[in-house]
Structures are given as structure tokens and as C-alpha cells.
>>> print(open('structure.csv').read())   # CSV, C-alpha atoms
chain,number,residue,atom,x,y,z
F,1,MET,CA,0.0,0.0,0.0
F,2,LYS,CA,1.5,3.3,-1.1
F,3,HIS,CA,1.6,6.0,1.5
F,4,GLN,CA,2.3,9.7,0.9
F,5,PHE,CA,3.3,12.1,3.6
F,6,GLY,CA,5.4,15.3,4.2
F,7,HIS,CA,8.5,15.8,6.2
F,8,ARG,CA,9.5,19.3,7.3
F,9,ALA,CA,13.1,20.4,7.8
F,10,ARG,CA,14.7,23.7,8.7
F,11,LEU,CA,16.9,25.3,6.0
F,12,GLU,CA,20.2,27.0,6.8
F,13,LEU,CA,20.3,29.9,4.3
F,14,SER,CA,22.9,32.6,3.8
F,15,SER,CA,21.7,36.2,3.6
F,16,ALA,CA,22.1,36.1,-0.2
F,17,GLN,CA,20.1,32.9,-0.5
F,18,VAL,CA,17.4,34.3,1.7
F,19,ARG,CA,17.0,37.3,-0.7
F,20,LEU,CA,16.8,34.9,-3.7
F,21,VAL,CA,14.2,32.7,-2.1
F,22,ASP,CA,12.2,35.7,-0.9
F,23,ALA,CA,12.2,37.0,-4.5
F,24,GLN,CA,11.0,33.6,-5.8
F,25,ALA,CA,8.2,33.6,-3.2
F,26,HIS,CA,7.0,37.1,-4.1
F,27,ALA,CA,7.2,36.2,-7.8
F,28,ALA,CA,5.0,33.1,-7.1
F,29,ARG,CA,2.5,35.3,-5.2
F,30,THR,CA,2.4,37.7,-8.2
F,31,VAL,CA,1.8,34.9,-10.6
F,32,TRP,CA,-1.1,33.8,-8.5
F,33,ASN,CA,-2.6,37.3,-8.4
F,34,LEU,CA,-2.1,37.7,-12.2
F,35,LEU,CA,-3.9,34.4,-12.7
F,36,HIS,CA,-6.7,35.6,-10.4
F,37,ASP,CA,-7.1,38.8,-12.5
F,38,TRP,CA,-6.9,36.9,-15.7
F,39,TRP,CA,-9.7,34.5,-14.5
F,40,ALA,CA,-12.0,37.4,-13.5
F,41,MET,CA,-11.6,39.2,-16.8
F,42,LEU,CA,-12.1,36.3,-19.2
F,43,PRO,CA,-15.5,34.8,-20.0
F,44,LYS,CA,-16.2,31.3,-18.8
F,45,ASP,CA,-15.9,29.7,-22.3
F,46,ARG,CA,-12.3,31.0,-22.7
F,47,ARG,CA,-10.9,29.8,-19.3
F,48,SER,CA,-8.7,26.8,-19.8
F,49,LEU,CA,-5.4,25.3,-18.6
F,50,ALA,CA,-3.8,25.9,-22.0
F,51,ALA,CA,-4.9,29.5,-22.1
F,52,ALA,CA,-3.7,30.2,-18.6
F,53,ASP,CA,-0.3,28.5,-19.4
F,54,GLU,CA,0.1,30.8,-22.4
F,55,ALA,CA,-0.8,33.9,-20.3
F,56,ILE,CA,1.9,32.9,-17.7
F,57,ARG,CA,4.5,32.5,-20.5
F,58,GLN,CA,3.6,35.9,-21.9
F,59,ALA,CA,3.8,37.5,-18.4
F,60,ARG,CA,7.3,36.0,-17.8
F,61,LYS,CA,8.5,37.6,-21.0
F,62,GLU,CA,7.0,41.0,-20.3
F,63,ILE,CA,7.9,41.3,-16.6
F,64,ASP,CA,11.6,40.8,-16.1
F,65,TRP,CA,11.7,40.1,-12.4
F,66,LEU,CA,9.3,37.2,-12.8
F,67,GLY,CA,12.2,35.3,-14.3
F,68,VAL,CA,13.6,34.7,-10.8
F,69,LEU,CA,10.9,32.1,-10.4
F,70,PRO,CA,11.7,28.7,-12.1
F,71,ALA,CA,9.3,27.8,-14.9
F,72,GLN,CA,8.3,24.6,-13.2
F,73,ALA,CA,7.4,26.5,-10.0
F,74,ALA,CA,5.2,28.8,-12.1
F,75,GLN,CA,3.5,25.8,-13.6
F,76,ALA,CA,2.9,24.5,-10.0
F,77,VAL,CA,1.2,27.8,-9.2
F,78,LEU,CA,-1.0,27.4,-12.2
F,79,LYS,CA,-2.0,23.8,-11.2
F,80,THR,CA,-2.6,24.9,-7.6
F,81,TYR,CA,-4.9,27.7,-8.7
F,82,PHE,CA,-7.0,25.5,-10.9
F,83,GLN,CA,-7.2,22.9,-8.1
F,84,ALA,CA,-8.4,25.6,-5.7
F,85,TRP,CA,-11.3,26.4,-8.0
F,86,LYS,CA,-12.1,22.7,-8.3
F,87,ASN,CA,-12.2,22.4,-4.5
F,88,CYS,CA,-14.5,25.4,-4.4
F,89,TRP,CA,-16.9,23.9,-7.0
F,90,GLU,CA,-17.0,20.6,-5.1
F,91,GLY,CA,-17.8,22.3,-1.8
F,92,ARG,CA,-14.5,21.6,0.0
F,93,ALA,CA,-13.3,25.2,0.2
F,94,GLY,CA,-14.2,28.8,-0.5
F,95,GLU,CA,-13.2,30.8,-3.6
F,96,PRO,CA,-9.6,31.6,-4.2
F,97,LYS,CA,-8.6,35.1,-3.1
F,98,PHE,CA,-6.0,37.7,-3.9
F,99,LYS,CA,-2.8,37.1,-1.9
F,100,ALA,CA,-1.7,40.2,0.0
F,101,ARG,CA,2.0,40.9,0.5
F,102,PHE,CA,2.2,40.7,4.2
F,103,ARG,CA,-0.8,38.4,5.1
F,104,ALA,CA,-0.1,35.6,2.6
F,105,VAL,CA,2.1,32.6,3.4
F,106,MET,CA,5.3,32.8,1.3
F,107,SER,CA,6.0,29.6,-0.4
F,108,VAL,CA,7.7,28.2,-3.5
F,109,ASP,CA,7.0,24.7,-5.0
F,110,ILE,CA,9.6,22.4,-6.4
F,111,PRO,CA,7.4,19.9,-8.3
F,112,GLN,CA,10.0,17.3,-9.3
F,113,GLY,CA,12.1,15.4,-6.9
F,114,ARG,CA,15.0,14.7,-9.3
F,115,ASP,CA,15.9,18.5,-9.1
F,116,LEU,CA,16.7,18.3,-5.4
F,117,ASN,CA,19.8,16.1,-5.5
F,118,ILE,CA,19.7,15.4,-1.8
F,119,THR,CA,22.9,14.2,-0.1
F,120,ARG,CA,23.7,13.7,3.6
F,121,VAL,CA,26.7,15.6,5.0
F,122,HIS,CA,26.8,14.0,8.4
F,123,ARG,CA,24.5,13.0,11.3
F,124,ARG,CA,22.8,16.4,11.7
F,125,TRP,CA,22.8,18.1,8.3
F,126,GLY,CA,22.0,17.3,4.7
F,127,MET,CA,22.4,19.3,1.4
F,128,VAL,CA,19.6,20.0,-1.1
F,129,ASN,CA,19.7,21.7,-4.4
F,130,ILE,CA,17.1,24.5,-4.8
F,131,PRO,CA,16.6,25.7,-8.5
F,132,LYS,CA,18.2,29.2,-9.1
F,133,VAL,CA,19.4,29.3,-5.5
F,134,GLY,CA,22.1,26.6,-5.3
F,135,ARG,CA,23.1,24.1,-2.6
F,136,VAL,CA,21.5,24.7,0.8
F,137,ARG,CA,22.0,22.9,4.1
F,138,PHE,CA,19.0,21.5,5.9
F,139,ARG,CA,18.5,19.9,9.3
F,140,TRP,CA,18.6,16.1,8.9
F,141,THR,CA,16.1,14.7,11.5
F,142,LYS,CA,14.6,11.8,9.5
F,143,ASP,CA,16.1,9.2,7.2
F,144,LEU,CA,15.0,10.1,3.7
F,145,PRO,CA,14.7,7.7,0.7
F,146,VAL,CA,17.6,9.1,-1.3
F,147,GLY,CA,20.6,7.4,-3.0
F,148,LYS,CA,20.5,3.6,-2.6
F,149,ARG,CA,17.5,3.9,-0.3
F,150,ALA,CA,15.3,5.3,-3.2
F,151,ASP,CA,13.4,3.2,-5.7
F,152,ALA,CA,10.2,3.3,-7.7
F,153,ASP,CA,8.1,2.8,-4.6
F,154,ASN,CA,10.1,4.7,-2.0
F,155,ARG,CA,11.2,8.1,-3.2
F,156,ILE,CA,10.9,11.9,-2.8
F,157,THR,CA,8.4,13.2,-5.4
F,158,GLY,CA,9.0,16.9,-4.8
F,159,ALA,CA,9.2,19.6,-2.1
F,160,ARG,CA,7.9,23.0,-1.1
F,161,LEU,CA,9.7,25.9,0.5
F,162,VAL,CA,7.6,27.6,3.2
F,163,LYS,CA,8.5,30.7,5.2
F,164,GLY,CA,7.2,31.0,8.8
F,165,ALA,CA,7.9,32.9,11.9
F,166,LEU,CA,11.1,30.8,12.5
F,167,GLY,CA,12.5,31.2,9.0
F,168,TRP,CA,12.5,29.2,5.8
F,169,HIS,CA,11.7,25.4,5.9
F,170,ILE,CA,11.5,22.8,3.3
F,171,VAL,CA,8.7,20.2,3.2
F,172,PHE,CA,9.6,17.0,1.3
F,173,ARG,CA,6.8,15.1,-0.4
F,174,ILE,CA,7.7,11.4,0.3
F,175,GLN,CA,6.1,8.3,-1.2
F,176,THR,CA,6.6,5.0,0.5
F,177,LEU,CA,5.3,1.5,0.1
F,178,GLU,CA,4.0,0.2,3.4
F,179,PRO,CA,2.7,-3.3,4.0
F,180,GLN,CA,-0.9,-3.8,5.0
F,181,PRO,CA,-1.1,-3.4,8.8
F,182,VAL,CA,-2.2,-6.4,10.8
F,183,PRO,CA,-5.1,-6.0,13.1
F,184,HIS,CA,-4.1,-4.4,16.5
F,185,ILE,CA,-4.7,-6.8,19.4
F,186,GLY,CA,-4.5,-4.2,22.2
F,187,PRO,CA,-7.2,-3.1,24.6
F,188,GLU,CA,-10.0,-0.5,24.0
F,189,VAL,CA,-9.9,2.9,25.5
F,190,GLY,CA,-12.0,6.0,25.8
F,191,ILE,CA,-10.4,9.5,25.8
F,192,ASP,CA,-11.9,12.6,27.4
F,193,MET,CA,-10.2,15.8,26.1
F,194,GLY,CA,-10.2,18.8,28.4
F,195,VAL,CA,-8.5,22.0,29.4
F,196,LYS,CA,-7.1,21.2,32.9
F,197,VAL,CA,-6.3,17.6,31.9
F,198,PRO,CA,-5.6,17.5,28.2
F,199,LEU,CA,-6.1,13.8,27.7
F,200,ALA,CA,-7.8,11.6,30.3
F,201,LEU,CA,-8.1,7.9,29.5
F,202,SER,CA,-10.7,5.5,30.7
F,203,ASP,CA,-8.1,3.2,32.3
F,204,GLY,CA,-6.9,5.9,34.7
F,205,THR,CA,-4.0,7.1,32.6
F,206,SER,CA,-3.6,10.9,31.9
F,207,TYR,CA,-1.4,12.9,29.6
F,208,ASP,CA,-0.5,16.4,30.9
F,209,HIS,CA,1.9,19.1,29.9
F,210,GLY,CA,3.2,22.3,31.4
F,211,GLU,CA,3.6,25.8,29.9
F,212,TRP,CA,4.8,25.9,26.3
F,213,LEU,CA,7.1,28.9,27.1
F,214,THR,CA,9.5,29.3,30.0
F,215,GLN,CA,9.0,32.1,32.5
F,216,LYS,CA,11.7,34.1,30.8
F,217,GLU,CA,10.1,33.7,27.4
F,218,GLN,CA,6.6,34.6,28.8
F,219,ALA,CA,8.1,37.8,30.2
F,220,GLU,CA,9.7,38.6,26.9
F,221,LEU,CA,6.4,38.0,25.0
F,222,LEU,CA,4.6,40.3,27.4
F,223,ARG,CA,7.2,43.0,27.0
F,224,LEU,CA,7.0,42.7,23.2
F,225,GLU,CA,3.2,42.8,23.2
F,226,ARG,CA,3.2,46.0,25.3
F,227,ARG,CA,5.9,47.6,23.0
F,228,ALA,CA,3.8,46.7,19.9
F,229,ALA,CA,0.7,48.2,21.5
F,230,HIS,CA,2.6,51.4,22.4
F,231,ARG,CA,4.1,51.8,19.0
F,232,LYS,CA,0.8,51.0,17.3
F,233,SER,CA,-0.9,53.9,19.2
F,234,PHE,CA,1.2,56.4,17.3
F,235,ARG,CA,0.2,55.0,13.8
F,236,MET,CA,-2.4,56.9,11.9
F,237,ARG,CA,-5.4,55.0,10.5
F,238,GLY,CA,-4.5,53.5,7.1
F,239,GLU,CA,-0.8,54.2,7.6
F,240,ARG,CA,1.6,51.3,7.0
F,241,ALA,CA,3.4,49.9,10.0
F,242,SER,CA,6.9,51.1,10.6
F,243,ARG,CA,10.0,48.9,10.4
F,244,ARG,CA,10.4,48.9,14.1
F,245,LEU,CA,6.8,47.8,14.6
F,246,ARG,CA,7.1,45.0,12.0
F,247,ARG,CA,10.3,43.8,13.7
F,248,THR,CA,8.4,43.7,17.0
F,249,TYR,CA,5.6,41.7,15.4
F,250,ASP,CA,8.2,39.3,13.9
F,251,ARG,CA,9.7,38.6,17.3
F,252,ILE,CA,6.2,38.1,18.8
F,253,GLN,CA,5.4,35.6,16.0
F,254,GLY,CA,8.6,33.8,16.6
F,255,LEU,CA,7.9,33.2,20.3
F,256,ARG,CA,4.3,32.0,19.5
F,257,ALA,CA,5.6,29.7,16.8
F,258,THR,CA,8.1,28.2,19.3
F,259,ALA,CA,5.2,27.5,21.6
F,260,LYS,CA,3.2,25.9,18.8
F,261,ARG,CA,6.1,23.6,17.8
F,262,ARG,CA,6.5,22.4,21.3
F,263,HIS,CA,2.8,21.8,21.6
F,264,LEU,CA,2.8,19.8,18.3
F,265,ASP,CA,5.8,17.8,19.5
F,266,TRP,CA,3.9,16.9,22.7
F,267,GLN,CA,0.8,15.9,20.7
F,268,HIS,CA,2.9,13.7,18.4
F,269,GLN,CA,4.5,11.9,21.3
F,270,ALA,CA,1.3,11.4,23.2
F,271,THR,CA,-0.8,10.2,20.2
F,272,THR,CA,2.0,7.9,19.1
F,273,GLU,CA,2.1,6.2,22.5
F,274,ILE,CA,-1.7,5.9,22.6
F,275,ALA,CA,-2.0,4.5,19.0
F,276,ALA,CA,0.7,1.9,19.7
F,277,LYS,CA,-0.9,0.6,22.9
F,278,TYR,CA,-4.7,0.5,22.1
F,279,SER,CA,-6.6,-1.1,19.3
F,280,VAL,CA,-9.8,0.9,19.5
F,281,ILE,CA,-9.6,4.6,20.5
F,282,VAL,CA,-13.0,6.2,21.3
F,283,VAL,CA,-13.3,10.0,21.4
F,284,GLU,CA,-16.2,12.5,21.6
F,285,ALA,CA,-17.7,13.9,18.4
F,286,LEU,CA,-17.0,17.5,19.4
F,287,THR,CA,-17.9,20.6,17.3
F,288,VAL,CA,-15.2,22.9,18.5
F,289,THR,CA,-16.3,25.8,16.3
F,290,ASN,CA,-19.6,25.9,18.2
F,291,MET,CA,-17.9,25.5,21.6
F,292,VAL,CA,-15.7,28.6,21.1
F,293,LYS,CA,-18.4,31.0,19.9
F,294,SER,CA,-18.4,34.4,21.7
F,295,ALA,CA,-20.8,35.1,24.5
F,296,LYS,CA,-21.0,38.9,23.9
F,297,GLY,CA,-24.6,38.8,22.6
F,298,THR,CA,-26.2,41.9,21.3
F,299,ALA,CA,-26.7,45.5,22.5
F,300,GLU,CA,-30.3,44.6,23.5
F,301,GLN,CA,-29.4,41.3,25.1
F,302,PRO,CA,-25.8,41.4,26.2
F,303,GLY,CA,-24.2,38.1,27.3
F,304,ARG,CA,-23.1,37.1,30.8
F,305,ASN,CA,-19.7,36.1,32.0
F,306,VAL,CA,-18.2,37.4,28.7
F,307,VAL,CA,-14.6,37.6,30.1
F,308,GLN,CA,-14.7,34.1,31.6
F,309,LYS,CA,-16.1,32.6,28.3
F,310,ALA,CA,-13.4,34.4,26.3
F,311,GLY,CA,-10.7,32.8,28.5
F,312,LEU,CA,-12.3,29.4,28.2
F,313,ASN,CA,-12.5,29.8,24.4
F,314,ARG,CA,-8.8,30.7,24.3
F,315,SER,CA,-7.9,27.6,26.4
F,316,ILE,CA,-10.0,25.3,24.1
F,317,THR,CA,-8.4,26.8,21.0
F,318,GLN,CA,-4.8,26.4,22.4
F,319,GLU,CA,-5.4,22.7,23.2
F,320,ALA,CA,-6.1,22.0,19.5
F,321,TRP,CA,-8.5,19.1,20.1
F,322,GLY,CA,-9.2,18.7,16.4
F,323,ARG,CA,-5.5,18.2,15.6
F,324,THR,CA,-5.2,15.6,18.3
F,325,VAL,CA,-8.1,13.6,16.8
F,326,GLU,CA,-6.5,13.8,13.3
F,327,LEU,CA,-3.1,12.5,14.6
F,328,LEU,CA,-4.8,9.7,16.5
F,329,ALA,CA,-6.9,8.7,13.4
F,330,TYR,CA,-4.0,8.2,11.0
F,331,LYS,CA,-1.6,6.8,13.5
F,332,ALA,CA,-4.2,4.2,14.7
F,333,ALA,CA,-4.9,3.2,11.1
F,334,ARG,CA,-1.2,2.7,10.3
F,335,ARG,CA,-0.9,0.3,13.2
F,336,GLY,CA,-4.1,-1.7,12.5
F,337,GLY,CA,-6.2,0.1,15.0
F,338,THR,CA,-9.4,2.1,14.8
F,339,LEU,CA,-10.6,5.5,15.9
F,340,VAL,CA,-14.4,6.0,16.4
F,341,LYS,CA,-16.5,8.9,17.7
F,342,VAL,CA,-19.5,8.8,20.0
F,343,PRO,CA,-22.1,11.5,20.9
F,344,ALA,CA,-20.7,14.0,23.4
F,345,PRO,CA,-23.7,15.1,25.5
F,346,GLY,CA,-23.8,13.9,29.1
F,347,THR,CA,-20.5,12.1,29.2
F,348,SER,CA,-19.1,14.3,32.0
F,349,ARG,CA,-22.3,14.4,34.1
F,350,ARG,CA,-23.2,10.7,33.9
F,351,CYS,CA,-21.9,8.2,36.5
F,352,SER,CA,-19.9,5.5,34.9
F,353,ALA,CA,-20.7,3.0,37.6
F,354,CYS,CA,-24.5,3.1,37.8
F,355,GLY,CA,-25.3,5.0,34.5
F,356,PHE,CA,-27.5,7.6,36.1
F,357,THR,CA,-27.2,11.4,35.7
F,358,THR,CA,-27.9,12.9,39.1
F,359,PRO,CA,-27.6,16.7,39.5
F,360,GLY,CA,-24.6,17.9,41.6
F,361,SER,CA,-22.6,14.7,41.1
F,362,ARG,CA,-19.7,16.6,39.6
F,363,GLU,CA,-18.6,18.5,42.6
F,364,SER,CA,-15.6,20.2,41.0
F,365,GLN,CA,-13.4,20.0,38.0
F,366,ALA,CA,-11.5,17.0,39.3
F,367,VAL,CA,-14.0,15.3,41.7
F,368,PHE,CA,-17.0,13.2,40.7
F,369,MET,CA,-19.2,11.8,43.5
F,370,CYS,CA,-22.4,10.1,42.4
F,371,LYS,CA,-25.4,11.5,44.3
F,372,ASN,CA,-27.5,8.4,43.5
F,373,PRO,CA,-28.4,6.9,46.9
F,374,ASP,CA,-27.9,3.4,45.6
F,375,CYS,CA,-24.5,4.1,44.1
F,376,GLY,CA,-22.2,6.7,45.8
F,377,TRP,CA,-19.3,6.0,43.4
F,378,THR,CA,-16.4,8.5,43.8
F,379,GLY,CA,-13.5,9.1,41.4
F,380,ASN,CA,-11.8,11.5,39.1
F,381,ALA,CA,-14.2,13.4,36.9
F,382,ASP,CA,-12.1,13.2,33.8
F,383,HIS,CA,-11.5,9.5,34.0
F,384,ASN,CA,-15.2,9.1,34.7
F,385,ALA,CA,-16.0,10.8,31.4
F,386,GLY,CA,-13.5,8.6,29.6
F,387,ARG,CA,-15.2,5.5,31.0
F,388,ASN,CA,-18.6,6.8,29.8
F,389,ILE,CA,-17.2,7.5,26.3
F,390,LEU,CA,-15.9,3.9,26.1
F,391,HIS,CA,-19.2,2.6,27.4
F,392,LEU,CA,-21.1,4.4,24.6
F,393,TYR,CA,-18.9,2.6,22.1
F,394,ARG,CA,-19.5,-0.8,23.6
F,395,MET,CA,-23.2,-0.1,23.6
F,396,GLY,CA,-23.1,0.3,19.9
F,397,LEU,CA,-23.7,4.1,19.8
F,398,ALA,CA,-20.6,4.9,17.7
F,399,LEU,CA,-21.3,7.4,14.9
F,400,VAL,CA,-24.9,7.7,15.9
F,401,PRO,CA,-26.3,11.2,15.3
F,402,ALA,CA,-26.7,13.3,18.4
F,403,ALA,CA,-30.2,14.8,18.8
F,404,GLY,CA,-31.2,13.7,15.3
F,405,ARG,CA,-28.5,15.6,13.5
F,406,ALA,CA,-26.5,14.1,10.6
F,407,VAL,CA,-22.9,13.2,11.4
F,408,ASP,CA,-21.3,13.6,8.0
F,409,ARG,CA,-21.4,16.7,5.9
F,410,ARG,CA,-22.2,16.8,2.2
F,411,ALA,CA,-20.8,19.2,-0.3
F,412,ARG,CA,-22.5,22.4,-1.0
F,413,ARG,CA,-25.0,22.5,-4.0
F,414,VAL,CA,-25.3,18.7,-3.7
F,415,LYS,CA,-28.8,17.4,-3.0
F,416,PRO,CA,-29.3,14.7,-0.4
F,417,ALA,CA,-30.0,11.2,-1.7
F,418,THR,CA,-33.7,11.4,-0.8
F,419,ALA,CA,-34.2,14.5,-3.0
F,420,ARG,CA,-32.5,13.3,-6.1
>>> encode(input="structure.csv", output="C-alpha cells")
Amino acid sequence: MKHQFGHRARLELSSAQVRLVDAQAHAARTVWNLLHDWWAMLPKDRRSLAAADEAIRQARKEIDWLGVLPAQAAQAVLKTYFQAWKNCWEGRAGEPKFKARFRAVMSVDIPQGRDLNITRVHRRWGMVNIPKVGRVRFRWTKDLPVGKRADADNRITGARLVKGALGWHIVFRIQTLEPQPVPHIGPEVGIDMGVKVPLALSDGTSYDHGEWLTQKEQAELLRLERRAAHRKSFRMRGERASRRLRRTYDRIQGLRATAKRRHLDWQHQATTEIAAKYSVIVVEALTVTNMVKSAKGTAEQPGRNVVQKAGLNRSITQEAWGRTVELLAYKAARRGGTLVKVPAPGTSRRCSACGFTTPGSRESQAVFMCKNPDCGWTGNADHNAGRNILHLYRMGLALVPAAGRAVDRRARRVKPATAR
């Protein structure tokens, strides 16, 4: 079974190479915007891949600085733009938009893997060839299928250069041939995802983490945010940010990106351990977008506890429950396991011992004491929810719509089967 995935590595660019890659990224963004204008001006019957390809070739002849972008990278922009419209028509995404200079993610595509010429220098670093830039060092953190390791089934098919708050990175597109996984023979487990306890398992295990930034880094982030707010107060409305303000914003983004990378690393380690140990992983079917809606209300009917709700929304967003479920899903599948979802209502208020929901049973965030006179079970509230989640799966309630609502979404402009 062929499997495709991406591997991200940090690039070690010189100042001259940074300017070259930045120029290529701006040229790729310009090609996208030119295609967007070309699409809007032409009638529908004249929009085609061949016509767009000819328009790009003409633009590269007339605009000299577009020549810094390799021709294959320009073709990749064209294919990405047409794929974006296809995703829009099929209801998977919105319409493609104009890419602004400072808000768009800077990226350059290298569509063919043979142009990379990857070699390993030593244990920590490798070398890769970037068209019109030259040989560049990158951080070697994973064994790549290059040289004698590469064949028709295990190879690098291309790459993409992406610029983030921590600098330029390269994302290799890797195709490997993996054997069909054998069925996992481990136990079943239910997982309750929360804010105080990120992952609480039904067998009593919990996965926790500390702060993503050290105290020194948190103090630095607070100082930079105050400096940015002070400098922003002197800027007139509509005026571009000064260089000092942009540098402050860049340092803030760098610290936040560091926290995000540490969070992602913790999620990978926790989900890998769970997927390797359990055969069936049961989670709640949560709609996070509805859970983090604002409580401000309207001017006529203002909301209550707005500040507290905003803090809860921020904590829920920072935990990235959706990403945790995605990581568990593909890691469990690659190990022969299964991830299923069950309805979420009532799992934290129901007693896992007697099955009754008695008001006041959850005395605090961590303590659950069943108020049923015939039960009286006491335990950790998060582990109690995990046991309830697993019980719903064993009762056959997996993927059952909650309150009569459909579980899966259908594409826009597609009628349901009963109406066709």
C-alpha cells in the first residue's frame, strides 16, 4: 500500500540565499494574483489550462523580475490555482482570493524530486539543491529515501519551500510502500479531552503538559506585546506599520511559533504512544467551532460572564483538540487500530458505575461523587468521562447522530439522496 506524507526540515540559508528565495516567493505570489485577475476578466468559455499557461509565459516575457521564479514553479502555481477552483466547486473550500503581500504565506514549489539532488553531509545536516538558488544545508532529522534507499516505490516526489515565523523550511513530499497493517490486538480505551487535563483515558492514565514557554520567554512575550501596542498607538489609521513595529511583530510571532512547535511535538509523542498501545480509540464527536463562539450577545441582550467565556474559548483553542483527533486517526490506522467517535452530550455528568445522571454529582473540575443513593461512586471526573465514552462505544452508539443531526457533511450544492 503506497503512502504519501510530508517531512518538514529547517533550512540554513545565507543572507544572499534568503534574498533569492524571498524574491521567488514574491514572484510566485504575483503569478497567483495575475492568474486571479486573468480569471476574472475572461468569460467562462475561454478559461482553460492551456490559455492560462500561455498567459503565464507571456507575463514572464514582459515582466523581467518574474524570471527569478523557475518555470516549473510557475506551472505549479497554475495547477494549484485550478485545483483551488475545483475544491471550491466541489464544496471543499471557498473561492480563491487575492494574496496580499504581508498576510499571505510565502512559499515556492519544487514539483520534481529529481531536481533536489539530496545528499547527507553528516548526522545532523544534509544538502539539497534549490533551483536558481544553489546548494543549501537543511536539518537532517529523519532518514529520507535518497541514493541507494530510493526506488520506484520509496522516493521523494517533490518539495515546497515555506517561510514561517522561525524562518525558511523545506517540506519534502515522500512516497513510500508500506505493508498492509495487521489488526491491532491491544485493549480498547475512551479518551476525554479537556483543558485542565488535556487527555484523560478510561483506564486511569492521563497525559498532561506544562507551559509551552518558559517564564523568561513569557516575560519577553509580554514585554514585546506591550511595546507593539505602544508603537501602534502612534500610527495613523490607514498608515503602514513602521519597520520597528514590524520587527516587534516578527519577534512576537517567533515566540508564538516556538510554543506551537512544542505543543505539536507533545501531541505527536502522546498520540504515538496511545496508538501503539490501544486497538480501539474512542473520542467524543465535538464541534469545536460551536464551543468557542463568543458570549458577547447583542446590545439589546448582552451576554453574561463574557470575560470568563473568552478565557475558556482561548484555552480550548490552544489545546487543538481537532488536531489531536487527526493525529490519532492516521496513527491508529497505520498500526491496524481504529478511531471512532461517539455523541458527546452527558459524558461528563453521567456516573460510569450506575449509569444515572444525578444533579450535583460533579462537585468540582476533578472530583466526581455520584449522588444516587444506591451508588455513591467516587472518582476522578475526567476519568469518569473517559469510561462513559468507552461505554457508549461498547453499547453500539458509535457514529450515531446526536439529537437527530447528521454526522457527515455533504458538499454544497449537492442534493441529499432522498431529494435526487
>>> residues_around(input="structure.csv", residues="His3 of chain F", least_positions_apart="6", cutoff="7 Å", atoms="all atoms listed in the file", output="list in words")
Gln175, Thr176, Leu177 and Glu178 of chain F
>>> closest_residue(input="structure.csv", among="F:Arg226, F:His7, F:His184, F:His209", to="Pro145 of chain F", atoms="only C-alpha atoms")
F:His7
>>> atom_distance(input="structure.csv", atom1="atom CA of Lys341 of chain F", atom2="atom CA of Asn290 of chain F")
17.3 Å
>>> residues_around(input="structure.csv", residues="Cys375 of chain F", least_positions_apart="6", cutoff="10 Å", atoms="all atoms listed in the file", output="ChimeraX atom specification")
/F:351,353-356,369
>>> write_last_selection(input="structure.csv", atoms="C-alpha atoms", output="PDB file, in the frame of the given file")
ATOM      1  CA  CYS F 351     -21.900   8.200  36.500  1.00  0.00           C
ATOM      2  CA  ALA F 353     -20.700   3.000  37.600  1.00  0.00           C
ATOM      3  CA  CYS F 354     -24.500   3.100  37.800  1.00  0.00           C
ATOM      4  CA  GLY F 355     -25.300   5.000  34.500  1.00  0.00           C
ATOM      5  CA  PHE F 356     -27.500   7.600  36.100  1.00  0.00           C
ATOM      6  CA  MET F 369     -19.200  11.800  43.500  1.00  0.00           C
TER       7      MET F 369
END
>>> residues_around(input="structure.csv", residues="Gln83 of chain F", least_positions_apart="4", cutoff="12 Å", atoms="all atoms listed in the file", output="PyMOL selection string")
chain F and resi 49+76-79+87-90+92-96
>>> write_last_selection(input="structure.csv", atoms="C-alpha atoms", output="compact mmCIF listing (two decimals), in the coordinates of the input")
# COMPACT_ATOMS: atom_id res chain seq x y z
CA LEU F 49 -5.40 25.30 -18.60
CA ALA F 76 2.90 24.50 -10.00
CA VAL F 77 1.20 27.80 -9.20
CA LEU F 78 -1.00 27.40 -12.20
CA LYS F 79 -2.00 23.80 -11.20
CA ASN F 87 -12.20 22.40 -4.50
CA CYS F 88 -14.50 25.40 -4.40
CA TRP F 89 -16.90 23.90 -7.00
CA GLU F 90 -17.00 20.60 -5.10
CA ARG F 92 -14.50 21.60 0.00
CA ALA F 93 -13.30 25.20 0.20
CA GLY F 94 -14.20 28.80 -0.50
CA GLU F 95 -13.20 30.80 -3.60
CA PRO F 96 -9.60 31.60 -4.20
>>> closest_residue(input="structure.csv", among="F:Ala55, F:Val306, F:Ile110, F:Ala104", to="Leu69 of chain F", atoms="all atoms listed in the file")
F:Ile110
>>> residues_around(input="structure.csv", residues="Asp203 of chain F", least_positions_apart="6", cutoff="9 Å", atoms="only C-alpha atoms", output="ChimeraX atom specification")
/F:189-190,383,386-387
>>> closest_residue(input="structure.csv", among="F:Asn384, F:Ser361, F:Gln180, F:Thr324", to="Thr205 of chain F", atoms="all atoms listed in the file")
F:Asn384
>>> atom_distance(input="structure.csv", atom1="atom CA of Phe98 of chain F", atom2="atom CA of Val18 of chain F")
24.3 Å
>>> atom_distance(input="structure.csv", atom1="atom CA of Ser107 of chain F", atom2="atom CA of Leu264 of chain F")
21.4 Å
>>> residues_around(input="structure.csv", residues="Ala320 of chain F", least_positions_apart="4", cutoff="12 Å", atoms="only C-alpha atoms", output="PDB file with C-alpha atoms, keeping the file's coordinate frame")
ATOM      1  CA  MET F 193     -10.200  15.800  26.100  1.00  0.00           C
ATOM      2  CA  GLY F 194     -10.200  18.800  28.400  1.00  0.00           C
ATOM      3  CA  VAL F 195      -8.500  22.000  29.400  1.00  0.00           C
ATOM      4  CA  PRO F 198      -5.600  17.500  28.200  1.00  0.00           C
ATOM      5  CA  LEU F 199      -6.100  13.800  27.700  1.00  0.00           C
ATOM      6  CA  LYS F 260       3.200  25.900  18.800  1.00  0.00           C
ATOM      7  CA  HIS F 263       2.800  21.800  21.600  1.00  0.00           C
ATOM      8  CA  LEU F 264       2.800  19.800  18.300  1.00  0.00           C
ATOM      9  CA  TRP F 266       3.900  16.900  22.700  1.00  0.00           C
ATOM     10  CA  GLN F 267       0.800  15.900  20.700  1.00  0.00           C
ATOM     11  CA  LEU F 286     -17.000  17.500  19.400  1.00  0.00           C
ATOM     12  CA  VAL F 288     -15.200  22.900  18.500  1.00  0.00           C
ATOM     13  CA  THR F 289     -16.300  25.800  16.300  1.00  0.00           C
ATOM     14  CA  VAL F 292     -15.700  28.600  21.100  1.00  0.00           C
ATOM     15  CA  ASN F 313     -12.500  29.800  24.400  1.00  0.00           C
ATOM     16  CA  ARG F 314      -8.800  30.700  24.300  1.00  0.00           C
ATOM     17  CA  SER F 315      -7.900  27.600  26.400  1.00  0.00           C
ATOM     18  CA  ILE F 316     -10.000  25.300  24.100  1.00  0.00           C
ATOM     19  CA  THR F 324      -5.200  15.600  18.300  1.00  0.00           C
ATOM     20  CA  VAL F 325      -8.100  13.600  16.800  1.00  0.00           C
ATOM     21  CA  GLU F 326      -6.500  13.800  13.300  1.00  0.00           C
ATOM     22  CA  LEU F 327      -3.100  12.500  14.600  1.00  0.00           C
TER      23      LEU F 327
END
>>> closest_residue(input="structure.csv", among="F:Glu188, F:Asp109, F:Asp265, F:Glu225", to="Phe172 of chain F", atoms="all atoms listed in the file")
F:Asp109
>>> closest_residue(input="structure.csv", among="F:Ala332, F:Glu12, F:Met106, F:Gln365", to="Glu273 of chain F", atoms="only C-alpha atoms")
F:Ala332
>>> closest_residue(input="structure.csv", among="F:Ile191, F:Ala16, F:Ala28, F:Val197", to="Arg60 of chain F", atoms="only C-alpha atoms")
F:Ala28
